[in-house]
file work.cif (mmCIF, C-alpha atoms)
data_entry
#
loop_
_atom_site.label_atom_id
_atom_site.label_comp_id
_atom_site.auth_asym_id
_atom_site.auth_seq_id
_atom_site.Cartn_x
_atom_site.Cartn_y
_atom_site.Cartn_z
CA MET A 9 15.33 41.92 41.88
CA SER A 10 13.80 43.39 45.05
CA LEU A 11 11.93 41.32 47.65
CA ARG A 12 8.72 43.08 46.65
CA ASP A 13 9.24 42.40 42.95
CA ALA A 14 9.86 38.72 43.64
CA LEU A 15 6.37 38.37 45.15
CA PHE A 16 4.67 39.33 41.91
CA ALA A 17 6.52 36.75 39.79
CA ASP A 18 6.42 38.97 36.72
CA ALA A 19 10.10 39.20 35.80
CA SER A 20 11.07 38.72 32.19
CA LEU A 21 12.68 35.43 31.29
CA SER A 22 16.00 37.23 30.81
CA GLN A 23 15.79 38.80 34.27
CA TYR A 24 15.09 35.44 35.86
CA VAL A 25 17.90 33.50 34.22
CA ASN A 26 20.31 36.35 34.97
CA LEU A 27 19.84 35.91 38.72
CA GLY A 28 22.98 33.77 38.71
CA PRO A 29 24.17 30.18 38.29
CA GLN A 30 22.74 29.06 41.63
CA ALA A 31 19.19 29.82 40.46
CA LEU A 32 19.67 27.63 37.40
CA GLU A 33 21.31 24.59 38.96
CA SER A 34 18.09 22.69 39.52
CA GLU A 35 14.44 22.70 38.55
CA PRO A 36 12.65 24.98 37.87
CA GLY A 37 15.57 27.32 37.13
CA ALA A 38 17.07 24.91 34.63
CA TRP A 39 13.71 24.65 32.85
CA PHE A 40 13.39 28.43 32.53
CA ASP A 41 16.96 28.54 31.22
CA SER A 42 16.09 25.91 28.62
CA ALA A 43 12.96 27.83 27.64
CA LYS A 44 15.01 30.99 27.10
CA LYS A 45 17.56 29.15 24.99
CA SER A 46 14.76 27.74 22.87
CA LEU A 47 13.26 31.19 22.37
CA ASP A 48 16.68 32.60 21.50
CA LYS A 49 16.89 29.98 18.75
CA GLY A 50 13.40 30.81 17.53
CA ASP A 51 11.93 27.50 18.71
CA VAL A 52 8.77 28.89 20.30
CA ASP A 53 6.97 25.53 20.31
CA ARG A 54 9.77 23.95 22.38
CA ALA A 55 9.73 26.87 24.82
CA ILE A 56 5.97 26.50 25.26
CA GLN A 57 6.39 22.77 25.86
CA ILE A 58 8.96 23.44 28.61
CA LEU A 59 6.81 26.08 30.29
CA ARG A 60 3.81 23.76 30.19
CA GLN A 61 5.98 21.11 31.83
CA ILE A 62 6.66 23.52 34.69
CA GLN A 63 2.92 24.14 35.13
CA ALA A 64 2.22 20.41 35.17
CA ASP A 65 4.60 19.83 38.11
CA PRO A 66 2.48 19.82 41.31
CA LYS A 67 5.55 20.34 43.52
CA GLN A 68 6.35 23.86 42.31
CA GLU A 69 5.65 27.07 44.22
CA SER A 70 2.70 29.22 43.22
CA ARG A 71 5.08 31.98 42.15
CA ILE A 72 6.79 29.57 39.74
CA TYR A 73 3.44 28.85 38.09
CA LEU A 74 2.78 32.59 37.90
CA LEU A 75 6.17 33.21 36.32
CA ALA A 76 5.57 30.46 33.76
CA TRP A 77 2.24 32.02 32.86
CA HIS A 78 3.84 35.46 32.65
CA VAL A 79 6.34 34.18 30.09
CA LEU A 80 3.67 32.27 28.17
CA ARG A 81 1.53 35.39 27.87
CA GLU A 82 4.55 37.31 26.59
CA ILE A 83 4.89 34.84 23.73
CA GLY A 84 1.19 34.87 22.93
CA VAL A 85 -0.24 31.97 24.93
CA GLN A 86 -3.31 32.83 26.98
CA PRO A 87 -4.98 30.76 29.72
CA SER A 88 -8.42 29.29 29.27
CA ASP A 89 -11.37 31.26 30.62
CA GLU A 90 -11.57 28.89 33.58
CA GLU A 91 -7.85 29.14 34.36
CA ALA A 92 -7.64 32.89 33.80
CA LYS A 93 -9.43 33.85 37.01
CA ARG A 94 -7.75 31.35 39.33
CA VAL A 95 -6.16 33.32 42.16
CA LEU A 96 -2.69 31.98 42.95
CA GLY A 97 -1.66 34.84 45.21
CA VAL A 98 -2.91 37.97 46.94
CA VAL A 99 -0.54 40.81 47.87
CA VAL A 100 -1.91 43.62 50.03
CA GLU A 101 0.19 46.79 50.18
CA VAL A 102 -0.44 49.64 52.62
CA GLY A 103 1.32 52.93 52.00
CA MET A 104 2.81 54.34 55.23
CA PRO A 105 4.60 57.64 55.96
CA ARG A 106 7.97 55.89 56.07
CA GLY A 107 7.45 52.97 53.72
CA THR A 108 5.04 50.15 52.95
CA ASP A 109 3.41 47.40 54.98
CA LEU A 110 2.83 44.27 52.91
CA VAL A 111 0.97 40.99 53.47
CA ALA A 112 0.97 38.21 50.89
CA GLY A 113 -0.58 34.75 50.76
CA PHE A 114 -0.21 32.14 48.02
CA ALA A 115 -2.06 29.01 46.89
CA ASP A 116 0.84 26.81 48.04
CA HIS A 117 0.11 28.12 51.56
CA SER A 118 3.28 30.16 51.81
CA ALA A 119 2.96 33.72 53.08
CA ARG A 120 4.93 36.89 53.74
CA TYR A 121 4.59 39.87 56.06
CA TRP A 122 6.90 42.84 55.72
CA ASN A 123 6.72 45.92 57.91
CA PHE A 124 7.74 49.35 56.62
CA SER A 125 10.56 49.28 59.18
CA GLY A 126 12.23 46.41 57.33
CA SER A 127 11.28 43.60 59.70
CA GLY A 128 9.14 40.74 58.49
CA VAL A 129 7.96 37.15 58.69
CA VAL A 130 8.56 34.52 56.00
CA TRP A 131 6.18 31.55 56.12
CA GLU A 132 7.18 28.61 53.93
CA HIS A 133 4.38 26.30 55.09
CA PRO A 134 6.21 24.35 57.82
CA ASP A 135 2.79 23.18 59.03
CA ASP A 136 -0.88 23.76 58.25
CA SER A 137 -1.61 26.26 61.04
CA LEU A 138 -2.12 29.16 58.60
CA ASP A 139 -3.80 27.23 55.79
CA GLY A 140 -7.31 28.35 56.69
CA LEU A 141 -6.37 32.03 56.86
CA ILE A 142 -4.49 31.91 53.58
CA ASP A 143 -7.36 30.07 51.88
CA ASP A 144 -9.76 32.70 53.20
CA LEU A 145 -7.64 35.49 51.73
CA LEU A 146 -7.47 33.76 48.34
CA GLY A 147 -11.20 33.07 48.44
CA LYS A 148 -11.99 36.71 49.14
CA GLY A 149 -9.72 37.64 46.26
CA SER A 150 -11.50 35.20 43.94
CA SER A 151 -14.78 36.98 44.61
CA VAL A 152 -13.29 40.38 43.82
CA ILE A 153 -11.56 39.59 40.54
CA GLN A 154 -14.78 38.47 38.92
CA GLN A 155 -15.44 42.21 38.68
CA LEU A 156 -11.96 43.20 37.46
CA GLY A 157 -9.99 42.79 34.27
CA PRO A 158 -6.23 42.17 34.19
CA TRP A 159 -3.91 45.16 34.28
CA LYS A 160 -2.23 45.49 30.89
CA LYS A 161 0.34 48.17 31.74
CA PRO A 162 3.62 47.93 33.71
CA ARG A 163 3.09 47.22 37.41
CA LEU A 164 2.86 50.38 39.50
CA PRO A 165 5.41 51.37 42.17
CA VAL A 166 4.52 51.07 45.84
CA PRO A 167 1.35 52.94 46.83
CA PRO A 168 1.75 56.38 48.43
CA ASP A 169 1.07 57.13 52.08
CA GLY A 170 -2.54 56.39 53.06
CA VAL A 171 -3.33 54.32 49.98
CA VAL A 172 -4.06 50.59 50.10
CA ARG A 173 -3.56 48.42 47.03
CA LEU A 174 -5.06 44.94 46.71
CA ASN A 175 -3.15 42.85 44.16
CA PHE A 176 -4.54 39.58 42.82
CA LEU A 177 -2.14 37.30 40.95
CA THR A 178 -3.64 35.01 38.33
CA PRO A 179 -2.63 33.11 35.16
CA SER A 180 -4.13 35.98 33.15
CA GLY A 181 -1.96 38.51 34.96
CA LEU A 182 -2.24 41.08 37.70
CA HIS A 183 -5.63 42.38 38.79
CA PHE A 184 -5.72 45.15 41.37
CA GLY A 185 -7.78 47.80 43.09
CA GLN A 186 -6.68 50.61 45.36
CA GLY A 187 -7.94 53.52 47.39
CA PRO A 188 -7.67 55.34 50.72
CA MET A 189 -7.67 53.03 53.73
CA LYS A 190 -10.93 54.40 55.15
CA LEU A 191 -12.84 54.02 51.88
CA LEU A 192 -11.40 50.62 50.99
CA SER A 193 -12.11 49.23 54.46
CA ALA A 194 -15.78 50.10 54.03
CA ASP A 195 -15.98 48.80 50.46
CA SER A 196 -18.15 45.71 49.98
CA MET A 197 -15.47 43.98 47.90
CA GLY A 198 -12.21 45.42 49.20
CA GLY A 199 -13.14 45.46 52.88
CA PRO A 200 -13.31 41.66 53.32
CA VAL A 201 -9.95 41.23 51.55
CA LEU A 202 -8.34 43.83 53.78
CA SER A 203 -9.82 42.24 56.91
CA SER A 204 -8.65 38.78 55.86
CA ALA A 205 -5.13 40.07 55.20
CA TYR A 206 -5.07 41.70 58.63
CA GLN A 207 -6.05 38.43 60.32
CA LEU A 208 -3.29 36.61 58.45
CA MET A 209 -0.76 39.27 59.44
CA LYS A 210 -1.72 38.99 63.13
CA ALA A 211 -1.42 35.20 63.05
CA MET A 212 1.98 35.37 61.37
CA MET A 213 3.25 37.85 63.95
CA ALA A 214 1.95 35.70 66.80
CA LEU A 215 3.67 32.60 65.45
CA HIS A 216 6.87 34.55 64.90
CA ARG A 217 6.84 35.79 68.52
CA GLN A 218 6.09 32.29 69.74
CA HIS A 219 8.99 30.77 67.83
CA SER A 220 11.34 33.61 68.76
CA SER A 221 10.69 33.13 72.46
CA ALA A 222 11.03 29.34 72.37
CA PRO A 223 14.13 28.02 74.20
#
call {"tool": "encode", "arguments": {"input": "work.cif", "output": "structure tokens"}}
result
Amino acid sequence: MSLRDALFADASLSQYVNLGPQALESEPGAWFDSAKKSLDKGDVDRAIQILRQIQADPKQESRIYLLAWHVLREIGVQPSDEEAKRVLGVVVEVGMPRGTDLVAGFADHSARYWNFSGSGVVWEHPDDSLDGLIDDLLGKGSSVIQQLGPWKKPRLPVPPDGVVRLNFLTPSGLHFGQGPMKLLSADSMGGPVLSSAYQLMKAMMALHRQHSSAP
């Protein structure tokens, strides 16, 4: 599984449990493994119960909740109308001539920035200094997805050069919009999301430089 794929938390249950023994040694990996074993035996009700248990655990990462919802939808369980539009993550991808720039923020206040060159910043919420920026990004995303339906087809590959894709991750699945940078920046819905992602990226880079230069 690539680093990009991991952000979207939309692997199949088989893909997840095949990551290796280390991923299954503790919660939530062991729960997903148990859910798969239940499904393999035809015990769908038990699998649903396990996945609901994951969702009820307030200590889990946002991507774990998203993965649990992804599996639930695959076996026919849909979120309520209220839950369906809850934004748990926003991933902004910018197609560049030599790769993709990517900024992601999640409801657990973790974040990622990856540059097309391969460098990046991983933020696992060591403090609350980025909470406001991440909340702003999620809030902007919440406004946008009221106008969008979930994407029902396989997730697209990285956007081509010059194209920006705004991905919104919810219990009902992936919502997204995309377009040329110039047009999307001026768009009344996409522009604020793009601006918020840029502010988060700048703050992450500044913190990274600060920590890198510390004695």
call {"tool": "residues_around", "arguments": {"input": "work.cif", "residues": "region 90-106 of chain A", "least_positions_apart": "2", "cutoff": "9 Å", "atoms": "only C-alpha atoms", "output": "PyMOL selection string"}}
result
chain A and resi 15-16+70-71+73-74+86-88+108-116+120+124-125+145-147+149-150+153-154+166-181+189+201-202+205
call {"tool": "closest_residue", "arguments": {"input": "work.cif", "among": "A:Leu182, A:Ile83, A:Met197, A:Ile58", "to": "Lys45 (chain A)", "atoms": "only C-alpha atoms"}}
result
A:Ile58
call {"tool": "axis_aligned_box", "arguments": {"input": "work.cif", "around": "region 36-46 of chain A", "padding_each_side": "8 Å", "output": "lines of an AutoDock Vina configuration file"}}
result
center_x = 15.1
center_y = 27.8
center_z = 30.4
size_x = 20.9
size_y = 22.3
size_z = 31.0
call {"tool": "closest_residue", "arguments": {"input": "work.cif", "among": "A:Leu156, A:Ala76, A:Ile142, A:Leu191", "to": "Trp39 (chain A)", "atoms": "all atoms listed in the file"}}
result
A:Ala76
call {"tool": "atom_distance", "arguments": {"input": "work.cif", "atom1": "CA of Gly84 (chain A)", "atom2": "CA of Pro66 (chain A)"}}
result
23.8 Å
call {"tool": "build_atoms", "arguments": {"input": "work.cif", "residues": "region 194-205 of chain A", "atoms": "all heavy atoms", "output": "mmCIF file, in the coordinates of the input"}}
result
data_model
loop_
_atom_site.group_PDB
_atom_site.id
_atom_site.type_symbol
_atom_site.label_atom_id
_atom_site.label_comp_id
_atom_site.auth_asym_id
_atom_site.auth_seq_id
_atom_site.Cartn_x
_atom_site.Cartn_y
_atom_site.Cartn_z
ATOM 1 N N ALA A 194 -14.323 50.126 54.031
ATOM 2 C CA ALA A 194 -15.780 50.100 54.030
ATOM 3 C C ALA A 194 -16.366 49.551 52.731
ATOM 4 O O ALA A 194 -17.582 49.366 52.625
ATOM 5 C CB ALA A 194 -16.319 51.519 54.259
ATOM 6 N N ASP A 195 -15.518 49.282 51.757
ATOM 7 C CA ASP A 195 -15.980 48.800 50.460
ATOM 8 C C ASP A 195 -16.462 47.362 50.569
ATOM 9 O O ASP A 195 -15.853 46.532 51.252
ATOM 10 C CB ASP A 195 -14.837 48.900 49.447
ATOM 11 C CG ASP A 195 -15.257 48.456 48.069
ATOM 12 O OD1 ASP A 195 -15.970 49.219 47.399
ATOM 13 O OD2 ASP A 195 -14.885 47.338 47.672
ATOM 14 N N SER A 196 -17.563 47.048 49.877
ATOM 15 C CA SER A 196 -18.150 45.710 49.980
ATOM 16 C C SER A 196 -17.247 44.620 49.418
ATOM 17 O O SER A 196 -17.337 43.451 49.836
ATOM 18 C CB SER A 196 -19.506 45.679 49.272
ATOM 19 O OG SER A 196 -19.359 45.993 47.897
ATOM 20 N N MET A 197 -16.381 44.963 48.455
ATOM 21 C CA MET A 197 -15.470 43.980 47.900
ATOM 22 C C MET A 197 -14.092 44.060 48.549
ATOM 23 O O MET A 197 -13.514 43.047 48.945
ATOM 24 C CB MET A 197 -15.335 44.176 46.383
ATOM 25 C CG MET A 197 -16.590 43.874 45.598
ATOM 26 S SD MET A 197 -16.284 43.746 43.809
ATOM 27 C CE MET A 197 -15.631 45.389 43.466
ATOM 28 N N GLY A 198 -13.553 45.262 48.659
ATOM 29 C CA GLY A 198 -12.210 45.420 49.200
ATOM 30 C C GLY A 198 -12.121 45.204 50.690
ATOM 31 O O GLY A 198 -11.107 44.700 51.196
ATOM 32 N N GLY A 199 -13.168 45.567 51.423
ATOM 33 C CA GLY A 199 -13.140 45.460 52.880
ATOM 34 C C GLY A 199 -12.868 44.048 53.375
ATOM 35 O O GLY A 199 -11.999 43.838 54.233
ATOM 36 N N PRO A 200 -13.568 43.032 52.862
ATOM 37 C CA PRO A 200 -13.310 41.660 53.320
ATOM 38 C C PRO A 200 -11.889 41.182 53.008
ATOM 39 O O PRO A 200 -11.293 40.444 53.792
ATOM 40 C CB PRO A 200 -14.349 40.842 52.549
ATOM 41 C CG PRO A 200 -15.471 41.800 52.302
ATOM 42 C CD PRO A 200 -14.803 43.115 52.052
ATOM 43 N N VAL A 201 -11.331 41.606 51.870
ATOM 44 C CA VAL A 201 -9.950 41.230 51.550
ATOM 45 C C VAL A 201 -8.993 41.850 52.557
ATOM 46 O O VAL A 201 -8.079 41.188 53.064
ATOM 47 C CB VAL A 201 -9.581 41.676 50.116
ATOM 48 C CG1 VAL A 201 -8.112 41.352 49.820
ATOM 49 C CG2 VAL A 201 -10.482 41.013 49.095
ATOM 50 N N LEU A 202 -9.199 43.125 52.837
ATOM 51 C CA LEU A 202 -8.340 43.830 53.780
ATOM 52 C C LEU A 202 -8.431 43.214 55.174
ATOM 53 O O LEU A 202 -7.412 43.016 55.856
ATOM 54 C CB LEU A 202 -8.740 45.300 53.817
ATOM 55 C CG LEU A 202 -7.743 46.295 54.385
ATOM 56 C CD1 LEU A 202 -6.400 46.221 53.680
ATOM 57 C CD2 LEU A 202 -8.313 47.713 54.289
ATOM 58 N N SER A 203 -9.632 42.865 55.601
ATOM 59 C CA SER A 203 -9.820 42.240 56.910
ATOM 60 C C SER A 203 -9.149 40.871 56.971
ATOM 61 O O SER A 203 -8.495 40.528 57.966
ATOM 62 C CB SER A 203 -11.319 42.096 57.202
ATOM 63 O OG SER A 203 -11.540 41.422 58.423
ATOM 64 N N SER A 204 -9.273 40.104 55.905
ATOM 65 C CA SER A 204 -8.650 38.780 55.860
ATOM 66 C C SER A 204 -7.129 38.891 55.911
ATOM 67 O O SER A 204 -6.456 38.114 56.607
ATOM 68 C CB SER A 204 -9.093 38.048 54.596
ATOM 69 O OG SER A 204 -8.568 36.750 54.543
ATOM 70 N N ALA A 205 -6.577 39.859 55.184
ATOM 71 C CA ALA A 205 -5.130 40.070 55.200
ATOM 72 C C ALA A 205 -4.648 40.468 56.594
ATOM 73 O O ALA A 205 -3.575 40.040 57.041
ATOM 74 C CB ALA A 205 -4.742 41.132 54.184
#
